[in-house]
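Report on the following structure.
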Amino acid sequence: MGLLDGKRILVTGVLTDASVAFHIARLAQHEGAQVVLTGYGRLSLVERIAKRLPETPPVIELDVTDPAHLDGLADRLRGHVDRIDGVVHAIAFAPQDALGGNFLNTSWDDAATALHVSAFSLKSLAMAALPLMEDGGSIVGLDFDASVAWPVYDWMGVAKAGLESTSRYLARYLGEHRVRVNLVSFGPMRTMAAKSIPGFDELESTWPQRAPLGWDTSDPEPIARAAVALLSDWFPATTGEIVHVDGGVHAMGG
């Protein structure tokens with residue numbers, strides 16, 4: 001019996017088979033879940049990557065900044081599942097001008113894009129999926145520690161702080177619907193998204209040295225396990241939390 005037997009899980013953010021979301025979807029299927037993926041823009045790419053999962057899941061188009069996409073999400077999901085038990089929010093984006101030491105010169109438009117896509121979208125996605133979560137469920141977002149100011153992370157760091165706060169407010173307001181909202185904050189991973197962040201190589205090279213448990217930037221399995229555990233019924237009274245899967249770096253000073 002798997003941790004997610006009989007559950008229907010919506011997973012966003014699969015771009016390649018190196019994506020953390022891909023490995024969450026893979027492990028969710030291994031643990032018995034029926035998975036639906038979303039894609040935006042290069043939908044054919046997501047459909048191709050979906051075939052590399054143990055079972056090929058349906059892929060539906062979703063732009064989390066488009067009200068029409070959000071309003072129609074529940075109806076499109078009903079074409080594949082009768083309910084949703086869990087949602088994985090693995091969506092983040094910041095324009096290049098909002099990263100790489102440009103913090104003081106970033107325009108509001110670029111900062112707003114980072115905040116909209118990376119933080120506000122958690123609320124948008126939750127509300128879009130809520131009509132199919134009548135029996136409650138779990139929403140899990142992917143995070144990067146926003147308790148400090150990281151070099152070159154700039155407005156994405158601000159967006160992650162917004163994501164963390166958004167998750168707590170969602171936990172407060174969705175509790176009455178028996179929906180739990182938690183984040184998994186993990187260390188640097190060698191993904192397509194990470195490669196677009198100026199200075200990522202520095203984080204990647206120094207993180208293992210700072211982590212008491214060590215850190216493998218090419219192994220998403222610990223992150224996927226944490227996400228699947230939070231999607232399961234094994235944390236029935238946990239909400240508004242940030243689970244750190246980073247080798248312990250978040251707890252170390254300096």
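Labels for the structure tokens follow display order: chains A, B, ..., residues from 1 in each chain, ligands from 1.
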*May I have the residues within 6 Å of segment 37-41 of chain A as a PyMOL selection string, using only C-alpha atoms and disregarding those fewer than 4 positions away in the same chain?*
chain A and resi 10-12+59-63
*Calculate how many Å separate atom CA of Ala92 of chain A from atom CA of Arg225 of chain A, rounding to one decimal.*
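That distance, rounded to one decimal, is 20.6 Å.
Nearest to Asp233 of chain A of all the residues A:Gly137, A:Gly157, A:Pro58, A:Gly72 is A:Gly137, based on only C-alpha atoms.
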*Write out as a PyMOL selection string all residues of segment 22-250 of chain A that DSSP puts in helix (DSSP H, G or I) for this structure's backbone.*
chain A and resi 22-30+43-50+67-71+73-78+96-98+103-105+108-132+154-177+192-195+200-210+221-231+249-250
Non-local contacts of Leu213 of chain A (10 Å; only C-alpha atoms; under 3 positions in same chain excluded) as an mmCIF file with N, CA, C and O atoms, in the first residue's frame:
data_model
loop_
_atom_site.group_PDB
_atom_site.id
_atom_site.type_symbol
_atom_site.label_atom_id
_atom_site.label_comp_id
_atom_site.auth_asym_id
_atom_site.auth_seq_id
_atom_site.Cartn_x
_atom_site.Cartn_y
_atom_site.Cartn_z
ATOM 1 N N PRO A 208 27.198 22.483 -0.180
ATOM 2 C CA PRO A 208 27.597 21.216 0.453
ATOM 3 C C PRO A 208 28.590 21.407 1.591
ATOM 4 O O PRO A 208 28.599 20.615 2.553
ATOM 5 N N GLN A 209 29.418 22.440 1.507
ATOM 6 C CA GLN A 209 30.398 22.681 2.562
ATOM 7 C C GLN A 209 29.725 23.174 3.842
ATOM 8 O O GLN A 209 30.228 22.945 4.949
ATOM 9 N N ARG A 210 28.601 23.861 3.708
ATOM 10 C CA ARG A 210 27.904 24.437 4.857
ATOM 11 C C ARG A 210 26.883 23.487 5.454
ATOM 12 O O ARG A 210 26.421 23.706 6.583
ATOM 13 N N ASP A 216 23.642 17.140 -2.167
ATOM 14 C CA ASP A 216 23.891 16.725 -3.542
ATOM 15 C C ASP A 216 22.966 17.523 -4.454
ATOM 16 O O ASP A 216 21.744 17.325 -4.451
ATOM 17 N N ASP A 246 17.446 20.765 3.169
ATOM 18 C CA ASP A 246 18.601 21.497 2.634
ATOM 19 C C ASP A 246 19.908 21.067 3.267
ATOM 20 O O ASP A 246 20.903 21.785 3.192
ATOM 21 N N GLY A 247 19.907 19.874 3.873
ATOM 22 C CA GLY A 247 21.113 19.386 4.522
ATOM 23 C C GLY A 247 21.403 20.058 5.838
ATOM 24 O O GLY A 247 22.430 19.801 6.471
ATOM 25 N N GLY A 248 20.503 20.960 6.285
ATOM 26 C CA GLY A 248 20.670 21.636 7.563
ATOM 27 C C GLY A 248 21.224 23.042 7.472
ATOM 28 O O GLY A 248 21.455 23.691 8.499
ATOM 29 N N VAL A 249 21.427 23.553 6.264
ATOM 30 C CA VAL A 249 22.024 24.875 6.101
ATOM 31 C C VAL A 249 21.192 25.964 6.778
ATOM 32 O O VAL A 249 21.726 26.919 7.360
#
*What are the DSSP strand (DSSP E) residues of segment 121-177 of chain A, as a PyMOL selection string?*
chain A and resi 137-143
Spatial neighbours of segment 45-51 of chain A, 7 Å, only C-alpha atoms, chain gap at least 5 places, as a PDB file with all heavy atoms, in the first residue's frame:
ATOM      1  N   VAL A  14       6.526  21.049 -14.175  1.00  0.00           N
ATOM      2  CA  VAL A  14       7.398  20.074 -14.825  1.00  0.00           C
ATOM      3  C   VAL A  14       7.882  20.649 -16.152  1.00  0.00           C
ATOM      4  O   VAL A  14       7.091  20.899 -17.057  1.00  0.00           O
ATOM      5  CB  VAL A  14       6.670  18.740 -15.060  1.00  0.00           C
ATOM      6  CG1 VAL A  14       7.533  17.802 -15.900  1.00  0.00           C
ATOM      7  CG2 VAL A  14       6.324  18.081 -13.729  1.00  0.00           C
ATOM      8  N   LEU A  15       9.183  20.883 -16.263  1.00  0.00           N
ATOM      9  CA  LEU A  15       9.783  21.401 -17.497  1.00  0.00           C
ATOM     10  C   LEU A  15      10.653  20.348 -18.169  1.00  0.00           C
ATOM     11  O   LEU A  15      10.633  20.195 -19.385  1.00  0.00           O
ATOM     12  CB  LEU A  15      10.614  22.647 -17.198  1.00  0.00           C
ATOM     13  CG  LEU A  15       9.851  23.885 -16.738  1.00  0.00           C
ATOM     14  CD1 LEU A  15      10.829  24.998 -16.393  1.00  0.00           C
ATOM     15  CD2 LEU A  15       8.885  24.358 -17.815  1.00  0.00           C
ATOM     16  N   THR A  16      11.451  19.649 -17.360  1.00  0.00           N
ATOM     17  CA  THR A  16      12.308  18.583 -17.857  1.00  0.00           C
ATOM     18  C   THR A  16      12.281  17.455 -16.839  1.00  0.00           C
ATOM     19  O   THR A  16      11.698  17.584 -15.758  1.00  0.00           O
ATOM     20  CB  THR A  16      13.766  19.055 -18.037  1.00  0.00           C
ATOM     21  OG1 THR A  16      14.368  19.218 -16.740  1.00  0.00           O
ATOM     22  CG2 THR A  16      13.843  20.368 -18.805  1.00  0.00           C
ATOM     23  N   ASP A  17      12.947  16.356 -17.150  1.00  0.00           N
ATOM     24  CA  ASP A  17      12.999  15.267 -16.179  1.00  0.00           C
ATOM     25  C   ASP A  17      14.006  15.547 -15.067  1.00  0.00           C
ATOM     26  O   ASP A  17      14.191  14.724 -14.165  1.00  0.00           O
ATOM     27  CB  ASP A  17      13.286  13.928 -16.855  1.00  0.00           C
ATOM     28  CG  ASP A  17      14.546  13.930 -17.708  1.00  0.00           C
ATOM     29  OD1 ASP A  17      15.288  14.934 -17.679  1.00  0.00           O
ATOM     30  OD2 ASP A  17      14.788  12.940 -18.416  1.00  0.00           O
ATOM     31  N   GLY A  39       1.002  22.581 -17.798  1.00  0.00           N
ATOM     32  CA  GLY A  39       2.110  23.160 -18.540  1.00  0.00           C
ATOM     33  C   GLY A  39       1.716  24.525 -19.057  1.00  0.00           C
ATOM     34  O   GLY A  39       0.530  24.845 -19.167  1.00  0.00           O
ATOM     35  N   THR A  56       1.974   7.639 -18.057  1.00  0.00           N
ATOM     36  CA  THR A  56       1.853   8.939 -18.730  1.00  0.00           C
ATOM     37  C   THR A  56       0.588   9.650 -18.253  1.00  0.00           C
ATOM     38  O   THR A  56      -0.523   9.178 -18.499  1.00  0.00           O
ATOM     39  CB  THR A  56       1.790   8.775 -20.253  1.00  0.00           C
ATOM     40  OG1 THR A  56       2.973   8.092 -20.694  1.00  0.00           O
ATOM     41  CG2 THR A  56       1.718  10.142 -20.926  1.00  0.00           C
ATOM     42  N   PRO A  57       0.735  10.793 -17.567  1.00  0.00           N
ATOM     43  CA  PRO A  57      -0.428  11.503 -17.058  1.00  0.00           C
ATOM     44  C   PRO A  57      -0.969  12.490 -18.090  1.00  0.00           C
ATOM     45  O   PRO A  57      -0.249  12.883 -19.018  1.00  0.00           O
ATOM     46  CB  PRO A  57       0.141  12.262 -15.864  1.00  0.00           C
ATOM     47  CG  PRO A  57       1.541  12.576 -16.279  1.00  0.00           C
ATOM     48  CD  PRO A  57       1.994  11.415 -17.143  1.00  0.00           C
ATOM     49  N   VAL A  59      -1.928  16.146 -19.477  1.00  0.00           N
ATOM     50  CA  VAL A  59      -1.317  17.468 -19.307  1.00  0.00           C
ATOM     51  C   VAL A  59      -2.333  18.510 -19.741  1.00  0.00           C
ATOM     52  O   VAL A  59      -2.851  18.436 -20.855  1.00  0.00           O
ATOM     53  CB  VAL A  59      -0.025  17.605 -20.145  1.00  0.00           C
ATOM     54  CG1 VAL A  59       0.570  19.005 -19.989  1.00  0.00           C
ATOM     55  CG2 VAL A  59       0.998  16.545 -19.760  1.00  0.00           C
TER      56      VAL A  59
END
Which residues of segment 51-86 of chain A come within 12 Å of segment 98-116 of chain A, and what is each one's closest atom pair and distance in Å (one decimal), counting only C-alpha atoms, sorted by chain and residue number, as a tab-separated table?
residue	atom	partner	partner_atom	distance
A:Asp63	CA	A:His116	CA	11.5
A:Val64	CA	A:His116	CA	8.8
A:Thr65	CA	A:His116	CA	7.2
A:Asp66	CA	A:His116	CA	10.9
Produce a file of the selected residues containing N, CA and C atoms, as a CSV table (one decimal), in the first residue's frame.
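The resulting file, out_0.csv, is reproduced below:
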chain,number,residue,atom,x,y,z
A,63,ASP,N,-1.8,28.9,-17.3
A,63,ASP,CA,-1.0,30.1,-17.0
A,63,ASP,C,-1.6,30.7,-15.8
A,64,VAL,N,-0.8,30.7,-14.7
A,64,VAL,CA,-1.4,31.1,-13.4
A,64,VAL,C,-1.6,32.6,-13.3
A,65,THR,N,-1.2,33.3,-14.3
A,65,THR,CA,-1.4,34.8,-14.3
A,65,THR,C,-2.6,35.1,-15.2
A,66,ASP,N,-3.3,34.1,-15.8
A,66,ASP,CA,-4.4,34.3,-16.7
A,66,ASP,C,-5.7,34.0,-16.0
*asked:* Please compute the atom CA of Asp145 of chain A-atom CA of Met252 of chain A distance, one decimal, in Å.
replied: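 Here the two named atoms are 12.4 Å from each other.
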_Which residue is closest to Ile9 of chain A? Choose from A:Asp97, A:Asp201, A:Asp85, A:Asp219 and count only C-alpha atoms._
A:Asp85
*Could you work out how far atom CA of Thr206 of chain A lies from atom CA of Gly240 of chain A, giving the answer in Å with one decimal?*
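About the pair atom CA of Gly240 of chain A and atom CA of Thr206 of chain A: they are 29.4 Å apart.
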